[in-house]
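Below: work-v3.json (JSON, C-alpha atoms)
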```json
[["chain", "number", "residue", "atom", "x", "y", "z"],
["A", 24, "MET", "CA", 0.00, 0.00, 0.00],
["A", 25, "ILE", "CA", 1.65, 3.21, -1.20],
["A", 26, "ASN", "CA", 1.26, 6.39, 0.89],
["A", 27, "ASN", "CA", -1.84, 5.04, 2.58],
["A", 28, "ARG", "CA", -2.77, 6.26, 6.07],
["A", 29, "ILE", "CA", -4.56, 3.50, 7.95],
["A", 30, "GLY", "CA", -5.92, 3.78, 11.49],
["A", 31, "THR", "CA", -4.48, 1.20, 13.86],
["A", 32, "SER", "CA", -7.92, -0.31, 14.58],
["A", 33, "ALA", "CA", -9.11, -0.42, 10.94],
["A", 34, "ALA", "CA", -9.81, -3.94, 9.62],
["A", 35, "ILE", "CA", -8.82, -4.28, 5.97],
["A", 36, "SER", "CA", -8.97, -7.61, 4.17],
["A", 37, "GLU", "CA", -5.74, -8.82, 2.61],
["A", 38, "ASN", "CA", -7.78, -9.33, -0.57],
["A", 39, "ALA", "CA", -8.98, -5.72, -0.75],
["A", 40, "VAL", "CA", -7.24, -3.45, -3.26],
["A", 41, "LEU", "CA", -6.27, 0.04, -2.14],
["A", 42, "GLU", "CA", -4.80, 1.97, -5.06],
["A", 43, "GLY", "CA", -2.80, 4.59, -3.15],
["A", 44, "ASN", "CA", -2.89, 7.80, -1.13],
["A", 45, "ILE", "CA", -5.92, 6.53, 0.79],
["A", 46, "SER", "CA", -6.93, 7.46, 4.34],
["A", 47, "VAL", "CA", -8.88, 4.95, 6.45],
["A", 48, "TRP", "CA", -9.82, 6.07, 9.95],
["A", 49, "ASP", "CA", -10.13, 3.91, 13.06],
["A", 50, "PHE", "CA", -12.70, 1.12, 13.42],
["A", 51, "SER", "CA", -13.54, 1.03, 9.72],
["A", 52, "GLN", "CA", -13.82, -2.31, 7.91],
["A", 53, "ILE", "CA", -13.04, -2.98, 4.26],
["A", 54, "ARG", "CA", -14.02, -6.48, 3.14],
["A", 55, "GLU", "CA", -12.45, -8.86, 0.64],
["A", 56, "ASP", "CA", -12.29, -7.92, -3.04],
["A", 57, "ALA", "CA", -13.29, -4.30, -2.37],
["A", 58, "LEU", "CA", -11.54, -1.89, -4.73],
["A", 59, "ILE", "CA", -10.72, 1.57, -3.38],
["A", 60, "GLY", "CA", -9.44, 4.13, -5.88],
["A", 61, "GLU", "CA", -6.72, 6.72, -5.38],
["A", 62, "ASN", "CA", -7.10, 9.64, -2.96],
["A", 63, "VAL", "CA", -10.18, 8.20, -1.22],
["A", 64, "ILE", "CA", -10.91, 9.24, 2.37],
["A", 65, "ILE", "CA", -12.81, 6.73, 4.51],
["A", 66, "GLY", "CA", -13.96, 8.08, 7.87],
["A", 67, "ARG", "CA", -14.27, 6.41, 11.26],
["A", 68, "ASN", "CA", -16.46, 3.32, 11.72],
["A", 69, "VAL", "CA", -17.31, 2.86, 8.03],
["A", 70, "TYR", "CA", -18.32, -0.55, 6.65],
["A", 71, "ILE", "CA", -17.46, -1.39, 3.03],
["A", 72, "GLY", "CA", -18.79, -4.75, 1.85],
["A", 73, "ALA", "CA", -17.10, -7.46, -0.17],
["A", 74, "GLY", "CA", -16.50, -6.48, -3.80],
["A", 75, "VAL", "CA", -17.67, -2.87, -3.40],
["A", 76, "LYS", "CA", -15.98, -0.50, -5.85],
["A", 77, "ILE", "CA", -15.19, 3.09, -4.83],
["A", 78, "GLY", "CA", -13.77, 5.49, -7.40],
["A", 79, "ALA", "CA", -10.91, 7.93, -7.01],
["A", 80, "ASN", "CA", -11.23, 11.15, -5.00],
["A", 81, "SER", "CA", -14.36, 10.02, -3.17],
["A", 82, "LYS", "CA", -15.11, 10.80, 0.48],
["A", 83, "ILE", "CA", -16.93, 8.35, 2.74],
["A", 84, "GLN", "CA", -17.85, 9.99, 6.04],
["A", 85, "ASN", "CA", -18.08, 8.46, 9.55],
["A", 86, "ASN", "CA", -20.51, 5.60, 10.20],
["A", 87, "ALA", "CA", -21.51, 5.10, 6.56],
["A", 88, "LEU", "CA", -22.56, 1.55, 5.62],
["A", 89, "ILE", "CA", -21.94, 0.46, 2.03],
["A", 90, "TYR", "CA", -23.17, -3.03, 1.24],
["A", 91, "GLU", "CA", -22.11, -5.10, -1.73],
["A", 92, "PRO", "CA", -22.39, -4.98, -4.68],
["A", 93, "ALA", "CA", -22.41, -1.16, -4.58],
["A", 94, "ILE", "CA", -20.50, 0.77, -7.24],
["A", 95, "ILE", "CA", -19.39, 4.29, -6.40],
["A", 96, "GLU", "CA", -17.78, 6.23, -9.23],
["A", 97, "ASP", "CA", -15.11, 8.96, -9.00],
["A", 98, "GLY", "CA", -15.57, 12.02, -6.81],
["A", 99, "VAL", "CA", -18.63, 10.84, -4.88],
["A", 100, "PHE", "CA", -19.47, 12.16, -1.39],
["A", 101, "ILE", "CA", -21.17, 9.80, 1.08],
["A", 102, "GLY", "CA", -22.30, 11.69, 4.20],
["A", 103, "PRO", "CA", -22.12, 10.57, 7.83],
["A", 104, "GLY", "CA", -24.42, 7.67, 8.66],
["A", 105, "ALA", "CA", -25.58, 7.16, 5.07],
["A", 106, "ILE", "CA", -26.58, 3.61, 4.12],
["A", 107, "LEU", "CA", -26.49, 1.86, 0.74],
["A", 108, "THR", "CA", -28.58, -1.31, 1.07],
["A", 109, "ASN", "CA", -28.46, -4.53, -0.94],
["A", 110, "ASP", "CA", -31.71, -6.40, -0.23],
["A", 111, "ARG", "CA", -35.14, -4.99, -1.05],
["A", 112, "ASN", "CA", -36.98, -7.86, 0.67],
["A", 113, "PRO", "CA", -34.91, -8.68, 3.77],
["A", 114, "ARG", "CA", -35.60, -11.69, 5.95],
["A", 115, "ALA", "CA", -33.45, -13.42, 8.58],
["A", 116, "ILE", "CA", -35.09, -16.79, 7.90],
["A", 117, "ASN", "CA", -36.58, -18.82, 5.05],
["A", 118, "PRO", "CA", -40.28, -19.84, 5.02],
["A", 119, "ASP", "CA", -39.25, -23.17, 6.60],
["A", 120, "LEU", "CA", -37.76, -21.17, 9.53],
["A", 121, "SER", "CA", -34.17, -22.10, 8.64],
["A", 122, "GLN", "CA", -31.72, -19.25, 8.92],
["A", 123, "LYS", "CA", -30.93, -17.57, 5.61],
["A", 124, "ASN", "CA", -27.38, -17.63, 4.29],
["A", 125, "LYS", "CA", -25.70, -15.91, 1.35],
["A", 126, "SER", "CA", -27.03, -18.43, -1.17],
["A", 127, "ASP", "CA", -30.66, -17.73, -0.18],
["A", 128, "TRP", "CA", -30.91, -14.38, -1.92],
["A", 129, "ILE", "CA", -29.47, -12.36, -4.76],
["A", 130, "SER", "CA", -28.03, -9.09, -3.50],
["A", 131, "THR", "CA", -28.64, -5.97, -5.58],
["A", 132, "GLY", "CA", -26.51, -2.86, -5.44],
["A", 133, "VAL", "CA", -26.68, 0.88, -5.48],
["A", 134, "HIS", "CA", -24.79, 2.57, -8.34],
["A", 135, "ILE", "CA", -23.69, 6.16, -7.70],
["A", 136, "LEU", "CA", -22.31, 8.05, -10.67],
["A", 137, "GLN", "CA", -19.50, 10.60, -10.83],
["A", 138, "GLY", "CA", -19.65, 13.64, -8.57],
["A", 139, "ALA", "CA", -22.93, 12.78, -6.82],
["A", 140, "ALA", "CA", -23.46, 13.57, -3.13],
["A", 141, "ILE", "CA", -25.41, 11.52, -0.58],
["A", 142, "GLY", "CA", -26.37, 13.59, 2.47],
["A", 143, "ALA", "CA", -25.98, 12.61, 6.11],
["A", 144, "GLY", "CA", -28.29, 9.82, 7.24],
["A", 145, "ALA", "CA", -29.73, 9.23, 3.77],
["A", 146, "ILE", "CA", -30.67, 5.68, 2.83],
["A", 147, "CYS", "CA", -30.50, 4.39, -0.74],
["A", 148, "ILE", "CA", -32.66, 1.28, -1.16],
["A", 149, "SER", "CA", -31.21, -1.00, -3.83],
["A", 150, "PRO", "CA", -31.39, -1.36, -6.70],
["A", 151, "VAL", "CA", -31.14, 2.33, -7.54],
["A", 152, "ARG", "CA", -28.94, 4.46, -9.77],
["A", 153, "ILE", "CA", -27.95, 7.93, -8.58],
["A", 154, "GLY", "CA", -27.07, 10.13, -11.56],
["A", 155, "ARG", "CA", -23.98, 12.25, -12.18],
["A", 156, "TRP", "CA", -23.65, 15.26, -9.88],
["A", 157, "ALA", "CA", -27.03, 14.54, -8.27],
["A", 158, "CYS", "CA", -27.60, 15.56, -4.65],
["A", 159, "ILE", "CA", -29.54, 13.50, -2.11],
["A", 160, "ALA", "CA", -30.63, 15.67, 0.83],
["A", 161, "ALA", "CA", -29.79, 14.59, 4.38],
["A", 162, "GLY", "CA", -32.23, 12.08, 5.86],
["A", 163, "SER", "CA", -33.83, 11.16, 2.54],
["A", 164, "VAL", "CA", -34.90, 7.63, 1.61],
["A", 165, "VAL", "CA", -34.21, 6.95, -2.06],
["A", 166, "THR", "CA", -36.33, 4.20, -3.61],
["A", 167, "LYS", "CA", -36.15, 5.18, -7.31],
["A", 168, "ASP", "CA", -33.43, 6.13, -9.78],
["A", 169, "VAL", "CA", -32.27, 9.75, -9.64],
["A", 170, "GLU", "CA", -31.48, 11.82, -12.76],
["A", 171, "ASP", "CA", -28.15, 13.54, -13.41],
["A", 172, "PHE", "CA", -27.97, 16.90, -11.54],
["A", 173, "ALA", "CA", -31.25, 16.23, -9.70],
["A", 174, "LEU", "CA", -31.83, 17.48, -6.15],
["A", 175, "VAL", "CA", -34.03, 15.05, -4.23],
["A", 176, "MET", "CA", -35.28, 15.03, -0.64],
["A", 177, "GLY", "CA", -37.84, 13.45, 1.65],
["A", 178, "THR", "CA", -39.22, 10.05, 2.53],
["A", 179, "PRO", "CA", -39.61, 8.69, -0.04],
["A", 180, "ALA", "CA", -37.27, 11.05, -1.87],
["A", 181, "ARG", "CA", -38.77, 13.25, -4.57],
["A", 182, "GLN", "CA", -37.08, 15.66, -6.93],
["A", 183, "VAL", "CA", -37.39, 19.29, -5.83],
["A", 184, "GLY", "CA", -34.92, 20.98, -8.18],
["A", 185, "TRP", "CA", -31.58, 20.81, -9.95],
["A", 186, "VAL", "CA", -28.00, 21.32, -8.77],
["A", 187, "GLY", "CA", -24.83, 22.16, -10.66],
["A", 188, "LYS", "CA", -21.35, 20.73, -10.23],
["A", 189, "SER", "CA", -20.72, 23.18, -7.37],
["A", 190, "GLY", "CA", -23.53, 21.53, -5.40],
["A", 191, "MET", "CA", -25.64, 24.68, -5.31],
["A", 192, "ARG", "CA", -29.25, 24.73, -6.44],
["A", 193, "LEU", "CA", -29.54, 26.06, -9.99],
["A", 194, "ILE", "CA", -31.48, 29.20, -10.81],
["A", 195, "GLU", "CA", -34.16, 28.67, -13.46],
["A", 196, "HIS", "CA", -34.75, 31.48, -15.93],
["A", 197, "GLU", "CA", -37.93, 32.31, -17.90],
["A", 198, "SER", "CA", -36.15, 31.14, -21.03],
["A", 199, "GLY", "CA", -35.95, 27.64, -19.55],
["A", 200, "ALA", "CA", -32.18, 27.84, -19.03],
["A", 201, "PHE", "CA", -30.53, 27.19, -15.67],
["A", 202, "THR", "CA", -27.52, 28.95, -14.12],
["A", 203, "CYS", "CA", -25.21, 28.04, -11.26],
["A", 204, "PRO", "CA", -25.06, 30.93, -8.74],
["A", 205, "ILE", "CA", -21.44, 30.10, -7.90],
["A", 206, "SER", "CA", -19.75, 29.28, -11.21],
["A", 207, "SER", "CA", -22.21, 30.93, -13.66],
["A", 208, "GLU", "CA", -22.17, 27.68, -15.66],
["A", 209, "THR", "CA", -25.34, 27.23, -17.70],
["A", 210, "TYR", "CA", -27.51, 24.17, -18.21],
["A", 211, "SER", "CA", -30.52, 23.42, -20.38],
["A", 212, "MET", "CA", -33.23, 20.80, -20.72],
["A", 213, "GLN", "CA", -33.14, 18.35, -23.60],
["A", 214, "GLU", "CA", -35.78, 15.62, -23.81],
["A", 215, "GLY", "CA", -36.54, 15.99, -20.11],
["A", 216, "LYS", "CA", -32.92, 15.74, -19.00],
["A", 217, "LEU", "CA", -30.66, 18.50, -17.69],
["A", 218, "ILE", "CA", -27.40, 18.87, -19.60],
["A", 219, "GLU", "CA", -24.42, 21.17, -19.43],
["A", 220, "ASN", "CA", -24.14, 23.83, -22.14]]
```
Now, as a test, write the supplied structure out as structure tokens.
Amino acid sequence: MINNRIGTSAAISENAVLEGNISVWDFSQIREDALIGENVIIGRNVYIGAGVKIGANSKIQNNALIYEPAIIEDGVFIGPGAILTNDRNPRAINPDLSQKNKSDWISTGVHILQGAAIGAGAICISPVRIGRWACIAAGSVVTKDVEDFALVMGTPARQVGWVGKSGMRLIEHESGAFTCPISSETYSMQEGKLIEN
């Protein structure tokens, strides 16, 4: 592991791949076959399941739970206490009362695209796809796919606006164009989807 900073109480599988310049704080666990890209920061008490993929320059905050087979692309923010689930119909036992094991269900993952942000305490119920640069408000419960640049909130989460790459809510103009109040970047709608100009 090159230039990695690992807390003394972190539990990292020998079969996990850490690409370099990664910080893992105390009491976090990274399971077998997980792939962690360069420059990722993993906070305290984070769980990353077997085979989870986390892209470069992402930040995973304290107490986040990321269950396999989640895919997190580059530059994603996962807030404190956020949860990415992997079983839409959870049960501890089978109908015959025997305890379930891994072979008794097919896990489904959450896929978070580049630059998206998941707020503190938000829960993403698999299988869902969170679009590029989308923003999930703190405490939301996401049960459906989220469009690129969408701002969603609530339980269940519903779209309430659009955000730019800066993370700020976009200003909508009478012309139908959208502008970022920070960067002045402009966006427009094409076939119901927000795109960069």
Next item on the list: Take atom CA of Glu55 of chain A and atom CA of Phe100 of chain A and report the distance between them in Å, one decimal.
Entry: 22.3 Å
Check: Looking at A:Gly138, A:Gly98, A:Pro118, A:Pro204, which one is nearest to Phe172 of chain A, with distances taken over only C-alpha atoms?
Finding: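 The answer is A:Gly138, which sits nearest to Phe172 of chain A.
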Next item on the list: Pick out the closest residue to Gln137 of chain A from this set: A:Val47, A:Val169, A:Ile53, A:Ile153. Count only C-alpha atoms.
Entry: A:Ile153
Checklist line | Selected residue, from A:Ala161, A:Ala57, A:Ala200, A:Met212, that lies nearest to Asn38 of chain A when counting all atoms listed in the file | finding: A:Ala57
Item checked: Minimum-distance residue to Val151 of chain A, chosen among A:Gly177, A:Pro92, A:Gly43, A:Gly60 (using all atoms listed in the file) -> A:Pro92
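The list of residues with at least one atom within 9 Å of Pro179 of chain A, based on all atoms listed in the file and without residues fewer than 3 positions apart in the same chain, reads Ser163, Val164, Val165, Thr166, Lys167 and Met176 of chain A.
The space separating atom CA of Ala173 of chain A from atom CA of Val63 of chain A comes to 24.1 Å.
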Notebook entry, point to check: Could you name the residues that touch Glu219 of chain A at 12 Å or less, counting all atoms listed in the file, but leaving out those on the same chain fewer than 6 positions away, as a list in words?
Noted result: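 Once the nearby chain positions are removed, what remains is Arg155, Trp156, Asp171, Phe172, Trp185, Val186, Gly187, Lys188, Leu193, Ala200, Phe201, Thr202, Cys203, Ser207, Glu208, Thr209, Tyr210, Ser211, Met212 and Gln213 of chain A.
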For those residues, write C-alpha atoms to a file as a short mmCIF file (atom, residue, chain, number, x, y, z; two decimals), in the coordinates of the input.
```cif
data_model
loop_
_atom_site.label_atom_id
_atom_site.label_comp_id
_atom_site.auth_asym_id
_atom_site.auth_seq_id
_atom_site.Cartn_x
_atom_site.Cartn_y
_atom_site.Cartn_z
CA ARG A 155 -23.98 12.25 -12.18
CA TRP A 156 -23.65 15.26 -9.88
CA ASP A 171 -28.15 13.54 -13.41
CA PHE A 172 -27.97 16.90 -11.54
CA TRP A 185 -31.58 20.81 -9.95
CA VAL A 186 -28.00 21.32 -8.77
CA GLY A 187 -24.83 22.16 -10.66
CA LYS A 188 -21.35 20.73 -10.23
CA LEU A 193 -29.54 26.06 -9.99
CA ALA A 200 -32.18 27.84 -19.03
CA PHE A 201 -30.53 27.19 -15.67
CA THR A 202 -27.52 28.95 -14.12
CA CYS A 203 -25.21 28.04 -11.26
CA SER A 207 -22.21 30.93 -13.66
CA GLU A 208 -22.17 27.68 -15.66
CA THR A 209 -25.34 27.23 -17.70
CA TYR A 210 -27.51 24.17 -18.21
CA SER A 211 -30.52 23.42 -20.38
CA MET A 212 -33.23 20.80 -20.72
CA GLN A 213 -33.14 18.35 -23.60
#
```
Next item on the list: Record the distance separating atom CA of Leu88 of chain A and atom CA of Asn68 of chain A, expressed in Å with one decimal.
Entry: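 Computing it gives 8.8 Å between the two atoms.
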Kindly reconstruct segment 139-156 of chain A with N, CA, C and O atoms and present the result as an mmCIF file, in the frame of the given file.
```
data_model
loop_
_atom_site.group_PDB
_atom_site.id
_atom_site.type_symbol
_atom_site.label_atom_id
_atom_site.label_comp_id
_atom_site.auth_asym_id
_atom_site.auth_seq_id
_atom_site.Cartn_x
_atom_site.Cartn_y
_atom_site.Cartn_z
ATOM 1 N N ALA A 139 -21.684 12.700 -7.595
ATOM 2 C CA ALA A 139 -22.930 12.780 -6.820
ATOM 3 C C ALA A 139 -22.626 12.896 -5.328
ATOM 4 O O ALA A 139 -21.539 12.550 -4.862
ATOM 5 N N ALA A 140 -23.601 13.401 -4.573
ATOM 6 C CA ALA A 140 -23.460 13.570 -3.130
ATOM 7 C C ALA A 140 -24.664 12.961 -2.423
ATOM 8 O O ALA A 140 -25.812 13.242 -2.791
ATOM 9 N N ILE A 141 -24.383 12.155 -1.399
ATOM 10 C CA ILE A 141 -25.410 11.520 -0.580
ATOM 11 C C ILE A 141 -25.335 12.167 0.794
ATOM 12 O O ILE A 141 -24.323 12.051 1.492
ATOM 13 N N GLY A 142 -26.385 12.847 1.218
ATOM 14 C CA GLY A 142 -26.370 13.590 2.470
ATOM 15 C C GLY A 142 -26.360 12.702 3.711
ATOM 16 O O GLY A 142 -26.637 11.501 3.655
ATOM 17 N N ALA A 143 -26.073 13.312 4.842
ATOM 18 C CA ALA A 143 -25.980 12.610 6.110
ATOM 19 C C ALA A 143 -27.281 11.861 6.419
ATOM 20 O O ALA A 143 -28.373 12.408 6.277
ATOM 21 N N GLY A 144 -27.141 10.608 6.825
ATOM 22 C CA GLY A 144 -28.290 9.820 7.240
ATOM 23 C C GLY A 144 -29.220 9.391 6.130
ATOM 24 O O GLY A 144 -30.261 8.802 6.388
ATOM 25 N N ALA A 145 -28.877 9.664 4.892
ATOM 26 C CA ALA A 145 -29.730 9.230 3.770
ATOM 27 C C ALA A 145 -29.598 7.729 3.585
ATOM 28 O O ALA A 145 -28.557 7.139 3.870
ATOM 29 N N ILE A 146 -30.663 7.117 3.098
ATOM 30 C CA ILE A 146 -30.670 5.680 2.830
ATOM 31 C C ILE A 146 -31.054 5.474 1.373
ATOM 32 O O ILE A 146 -32.078 5.984 0.905
ATOM 33 N N CYS A 147 -30.215 4.728 0.651
ATOM 34 C CA CYS A 147 -30.500 4.390 -0.740
ATOM 35 C C CYS A 147 -30.872 2.916 -0.781
ATOM 36 O O CYS A 147 -30.057 2.052 -0.458
ATOM 37 N N ILE A 148 -32.128 2.640 -1.146
ATOM 38 C CA ILE A 148 -32.660 1.280 -1.160
ATOM 39 C C ILE A 148 -32.394 0.664 -2.527
ATOM 40 O O ILE A 148 -32.934 1.111 -3.537
ATOM 41 N N SER A 149 -31.576 -0.372 -2.553
ATOM 42 C CA SER A 149 -31.210 -1.000 -3.830
ATOM 43 C C SER A 149 -32.401 -1.726 -4.448
ATOM 44 O O SER A 149 -33.331 -2.103 -3.731
ATOM 45 N N PRO A 150 -32.395 -1.893 -5.778
ATOM 46 C CA PRO A 150 -31.390 -1.360 -6.700
ATOM 47 C C PRO A 150 -31.793 0.028 -7.176
ATOM 48 O O PRO A 150 -32.891 0.218 -7.671
ATOM 49 N N VAL A 151 -30.917 0.994 -6.997
ATOM 50 C CA VAL A 151 -31.140 2.330 -7.540
ATOM 51 C C VAL A 151 -29.856 2.854 -8.171
ATOM 52 O O VAL A 151 -28.761 2.444 -7.798
ATOM 53 N N ARG A 152 -30.051 3.789 -9.090
ATOM 54 C CA ARG A 152 -28.940 4.460 -9.770
ATOM 55 C C ARG A 152 -29.066 5.940 -9.455
ATOM 56 O O ARG A 152 -30.108 6.557 -9.707
ATOM 57 N N ILE A 153 -27.993 6.505 -8.899
ATOM 58 C CA ILE A 153 -27.950 7.930 -8.580
ATOM 59 C C ILE A 153 -27.113 8.601 -9.668
ATOM 60 O O ILE A 153 -25.944 8.285 -9.854
ATOM 61 N N GLY A 154 -27.713 9.539 -10.389
ATOM 62 C CA GLY A 154 -27.070 10.130 -11.560
ATOM 63 C C GLY A 154 -25.883 11.024 -11.245
ATOM 64 O O GLY A 154 -25.636 11.406 -10.089
ATOM 65 N N ARG A 155 -25.157 11.385 -12.292
ATOM 66 C CA ARG A 155 -23.980 12.250 -12.180
ATOM 67 C C ARG A 155 -24.347 13.576 -11.526
ATOM 68 O O ARG A 155 -25.340 14.200 -11.867
ATOM 69 N N TRP A 156 -23.542 13.967 -10.552
ATOM 70 C CA TRP A 156 -23.650 15.260 -9.880
ATOM 71 C C TRP A 156 -24.987 15.475 -9.170
ATOM 72 O O TRP A 156 -25.314 16.595 -8.775
#
```
